[in-house]
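Right, one structure below, let's go through it.
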Amino acid sequence: MNLTLKIWRQKNAKDKGGFALYTIDGISEDMSFLEMIDVLNERLIGKNAEPVAFDHDCREGICGMCSMFINGRAHGPWAGTTTCQLHMRAFKDGDTITIEPWRAAGFPVVKDLVVDRSAFDRIIASGGFVSVNTGNAKDANNITIPKPDADESFAAAACIGCGACVASCKNSSAMLFVSAKVSQLALLPQGQVERKQRVQSMVAQMDAEGFGNCTNTGSCEAECPKEISLTHIARMNREYMMANIME
Amino acid sequence: MTITQFINSSLGRKTVMAATGLFLCVFLVEHLYGNLLLFYTDGGEAFIEYSHTLVHSLFIRIVEIFLFAAIIVHVVQAIHLTRLNSTARPVKYTEYKVGETSNWFSRNMGITGSLILFFLVVHLWRFFVPYRITDAVGGEGQINVAQDVKLAFQNGWYVLFYLVSIAFLTFHLNHGFQSAFKSLGLNSKKHEQLLSVSGSVFAFGIVGIGFASIPVLFYFGIAGSTF
């Protein structure tokens with residue numbers, strides 16, 4: 001495949017940045033999107049040019065590091081797929097592919113396609129945990145959990161924190177992410193102790209990070225590589241309201 | 001957490017938008033019920049009596065305050081949220097195809113809302129101010145409201161303006177009604193489909209067709225033949 005890549009290049013957080021055009025040939029349709037960028041970078045290094053900086057880690061769709069906005073969609077055109085699991089057969093020979101970083105006030109650009117997502121870490125640190133006694137791991141069935149609750153909690157826990165929800169939302173809202181983390185623990189017996197304090201702290205931290213507000217358009221759910229359901233947002237709203245009423 | 005902190009939080013603001021929005025939905029149903037009295041072939045008597053009650057009931061005076069307060073809070077909060085949201089993405093995307101995964105009306109509640117507000121001003125100026133203020137208080141209560149409605153909808157342009165506005169209201173509600181429930185925490189996988197269908201039925205089936213029928217039937221002379 002021969003492709004034209006229109007990639008956002010930005011030296012650092014202060015640089016204004018802009019698009020650079022690259023033509024690339026000999027790309028196999030069996031390559032992943034990141035492997036295609038690897039090929040580009042090797043050729044750039046060979047020419048003594050600065051390679052394109054991008055986030056990646058596991059490359060098997062579970063770590064949440066890759067974060068490219070490809071042709072106007074978070075993680076590209078395939079539904080329920082991270083950028084690393086997107087393959088070049090999603091494109092046609094001769095295509096021009098536009099690649100941008102996540103754009104949100106809460107996710108400032110560090111360099112090129114790399115954004116700083118530590119806002120998510122601060123949200124988790126504010127309440128996305130359970131306090132447990134240390135010691136040996138307990139038997140798995142010591143605490144019984146109804147199957148539907150376990151399934152729903154597990155579905156929320158599938159969130160890899162990549163930030164595609166924020167990147168896709170017209171308001172740059174982080175509510176799908178935060179609601180998944182709130183749901184995951186609110187549904188389990190282990191999460192009950194800090195239940196009220198958790199949702200309050202996490203929402204307060206989310207607001208402090210400068211993310212926008214949810215208008216229920218549903219694009220987060222549609223773009224999420226882990227297909228996290230919008231219903232978690234309603235659960236978070238419910239948890240938040242109840243936490244404030246019951247206080 | 002204090003009530004002020006709650007209202008100033010992102011989720012609190014959404015709660016306020018949802019609660020005022022749903023209150024206005026309840027008003028729309030009541031308003032539609034009153035308006036449908038125009039279809040009685042009784043010389044407009046039922047509608048005139050209903051209008052008289054609206055102007056002279058103490059209960060309605062009190063509800064009216066809440067109604068206008070809800071409109072103001074809903075609009076002010078919407079403007080505030082829109083401004084907050086626009087600062088949440090300082091650098092825009094060059095290519096942004098979110099339109100493929102969400103519908104236009106859900107993303108443009110501000111535009112449909114503004115048009116509804118404009119309509120509301122025109123509508124109140126034509127029907128509310130004369131009946132409720134100038135005629136009822138300053139004047140002699142002489143306007144025959146049923147005949148006046150018939151008169152207003154003789155004008156084709158006016159009818160068209162109403163129909164377009166009602167269409168915008170319908171689209172606003174198609175997203176707003178179900179979104180309000182979601183913002184109040186009332187959504188789950190089991191009820192998601194039901195909520196979505198109910199929102200569309202309320203918007204198109206009740207509000208859309210209900211309100212649009214009035215200018216249309218009066219314009220074509222189907223309604224109001226007895227007054």
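A note on labels: chains of the structure tokens are A, B, ... as shown, every chain counts residues from 1, and ligands are counted from 1 in their shown order.
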Practice task
Compute the chain A side of the contact with chain B at 8 Å, counting only C-alpha atoms, and hand it back as a PyMOL selection string.
Solution key: chain A and resi 71-73+98+100+103-106+168-173+203-204+207+210-219+222-223+231-240+244+247
Using 9 Å as the limit and counting only C-alpha atoms, can you tabulate each residue of range 78-157 of chain A that touches range 10-26 of chain A, with its shortest atom-to-atom distance in Å and the two atoms involved, as CSV?
```
residue,atom,partner,partner_atom,distance
A:Thr96,CA,A:Thr23,CA,8.9
A:Thr98,CA,A:Phe19,CA,8.9
A:Ile99,CA,A:Phe19,CA,8.9
A:Glu100,CA,A:Phe19,CA,8.7
A:Pro108,CA,A:Ala13,CA,7.0
A:Val109,CA,A:Ala13,CA,5.5
A:Val110,CA,A:Ala13,CA,5.0
A:Lys111,CA,A:Asn12,CA,4.8
A:Asp112,CA,A:Gln10,CA,4.5
A:Leu113,CA,A:Gln10,CA,8.0
```
Practice task
Write out as a list in words which residues come within 8 Å of range 55-64 of chain A when counting only C-alpha atoms, dropping same-chain ones fewer than 6 positions away.
Solution key: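 Selected residues are Thr81, Thr82, Thr83, Cys84, Gln85, Leu113, Val114, Ile160, Gly161 and Cys162 of chain A.
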Practice task
Write down as a ChimeraX atom specification the residues belonging to range 11-232 of chain A that are assigned strand (DSSP E) by DSSP computed on the backbone.
Solution key: /A:18-24,69-70,73-74,96-100,109-111,114-115
Put those residues in a file: N, CA and C atoms, as a short mmCIF file (atom, residue, chain, number, x, y, z; two decimals), in the first residue's frame.
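The file below, part_35.cif, is the result:
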```cif
data_model
loop_
_atom_site.label_atom_id
_atom_site.label_comp_id
_atom_site.auth_asym_id
_atom_site.auth_seq_id
_atom_site.Cartn_x
_atom_site.Cartn_y
_atom_site.Cartn_z
N GLY A 18 1.74 21.93 14.05
CA GLY A 18 1.10 21.98 12.74
C GLY A 18 1.21 20.64 12.06
N PHE A 19 0.55 20.51 10.91
CA PHE A 19 0.58 19.23 10.21
C PHE A 19 1.80 19.11 9.32
N ALA A 20 2.33 17.88 9.23
CA ALA A 20 3.39 17.58 8.27
C ALA A 20 2.88 16.45 7.38
N LEU A 21 3.24 16.50 6.10
CA LEU A 21 2.80 15.47 5.15
C LEU A 21 3.93 14.49 4.88
N TYR A 22 3.61 13.20 4.92
CA TYR A 22 4.60 12.17 4.61
C TYR A 22 3.98 11.19 3.62
N THR A 23 4.77 10.80 2.64
CA THR A 23 4.29 9.72 1.77
C THR A 23 5.05 8.45 2.17
N ILE A 24 4.33 7.36 2.20
CA ILE A 24 4.96 6.11 2.63
C ILE A 24 4.51 4.99 1.69
N PHE A 69 -6.01 10.06 17.09
CA PHE A 69 -7.28 10.47 16.51
C PHE A 69 -7.10 10.37 14.99
N ILE A 70 -7.63 9.30 14.41
CA ILE A 70 -7.35 8.94 13.02
C ILE A 70 -8.54 9.23 12.13
N ARG A 73 -11.72 10.16 13.95
CA ARG A 73 -12.29 9.23 14.93
C ARG A 73 -11.20 8.79 15.90
N ALA A 74 -11.59 8.65 17.20
CA ALA A 74 -10.64 8.16 18.19
C ALA A 74 -10.32 6.70 17.87
N THR A 96 -5.26 9.19 2.01
CA THR A 96 -4.57 10.16 2.88
C THR A 96 -5.15 9.98 4.27
N ILE A 97 -4.29 9.74 5.25
CA ILE A 97 -4.76 9.50 6.62
C ILE A 97 -4.35 10.68 7.51
N THR A 98 -5.34 11.30 8.16
CA THR A 98 -5.05 12.41 9.07
C THR A 98 -4.92 11.87 10.49
N ILE A 99 -3.79 12.18 11.13
CA ILE A 99 -3.55 11.69 12.49
C ILE A 99 -3.30 12.88 13.43
N GLU A 100 -4.17 12.99 14.45
CA GLU A 100 -4.04 14.08 15.42
C GLU A 100 -3.94 13.50 16.82
N VAL A 109 -1.01 18.50 25.09
CA VAL A 109 -0.05 17.79 24.23
C VAL A 109 1.34 17.90 24.84
N VAL A 110 2.04 16.77 24.92
CA VAL A 110 3.42 16.76 25.40
C VAL A 110 4.35 16.94 24.21
N LYS A 111 4.14 16.09 23.20
CA LYS A 111 4.92 16.17 21.97
C LYS A 111 4.19 15.39 20.87
N VAL A 114 1.63 12.61 21.49
CA VAL A 114 1.62 12.22 22.91
C VAL A 114 0.92 13.29 23.74
N VAL A 115 -0.10 12.85 24.50
CA VAL A 115 -0.76 13.80 25.41
C VAL A 115 -0.57 13.35 26.85
#
```
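Picture a line from CA of Phe227 in chain B to CA of Ala146 in chain B; it runs 7.1 Å.
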Exercise for the section: In Å, rounded to a single decimal, give me how far CA of Phe218 in chain B is from CA of Tyr158 in chain B. Expected result: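 The value is 11.7 Å.
With CA of Met241 in chain A on one side and CA of Ala186 in chain A on the other, the separation reads 13.7 Å.
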Problem - Contacts of Leu163 in chain B at 10 Å (only C-alpha atoms; same-chain gap of 5+ positions) as an NGL selection string - result: :B and (157-158 or 168-169 or 208-209 or 211-216)
Problem - Which of B:Gln193, B:Val26, B:Asn144, B:Val159 sits closest to Glu49 in chain B [using only C-alpha atoms] - result: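 Closest to Glu49 in chain B of all the choices is B:Asn144.
With only C-alpha atoms as the atoms that count, the minimum distance from Ile166 in chain B to the choices B:Ile116, B:Ala18, B:Val73, B:Leu151 is reached by B:Ile116.
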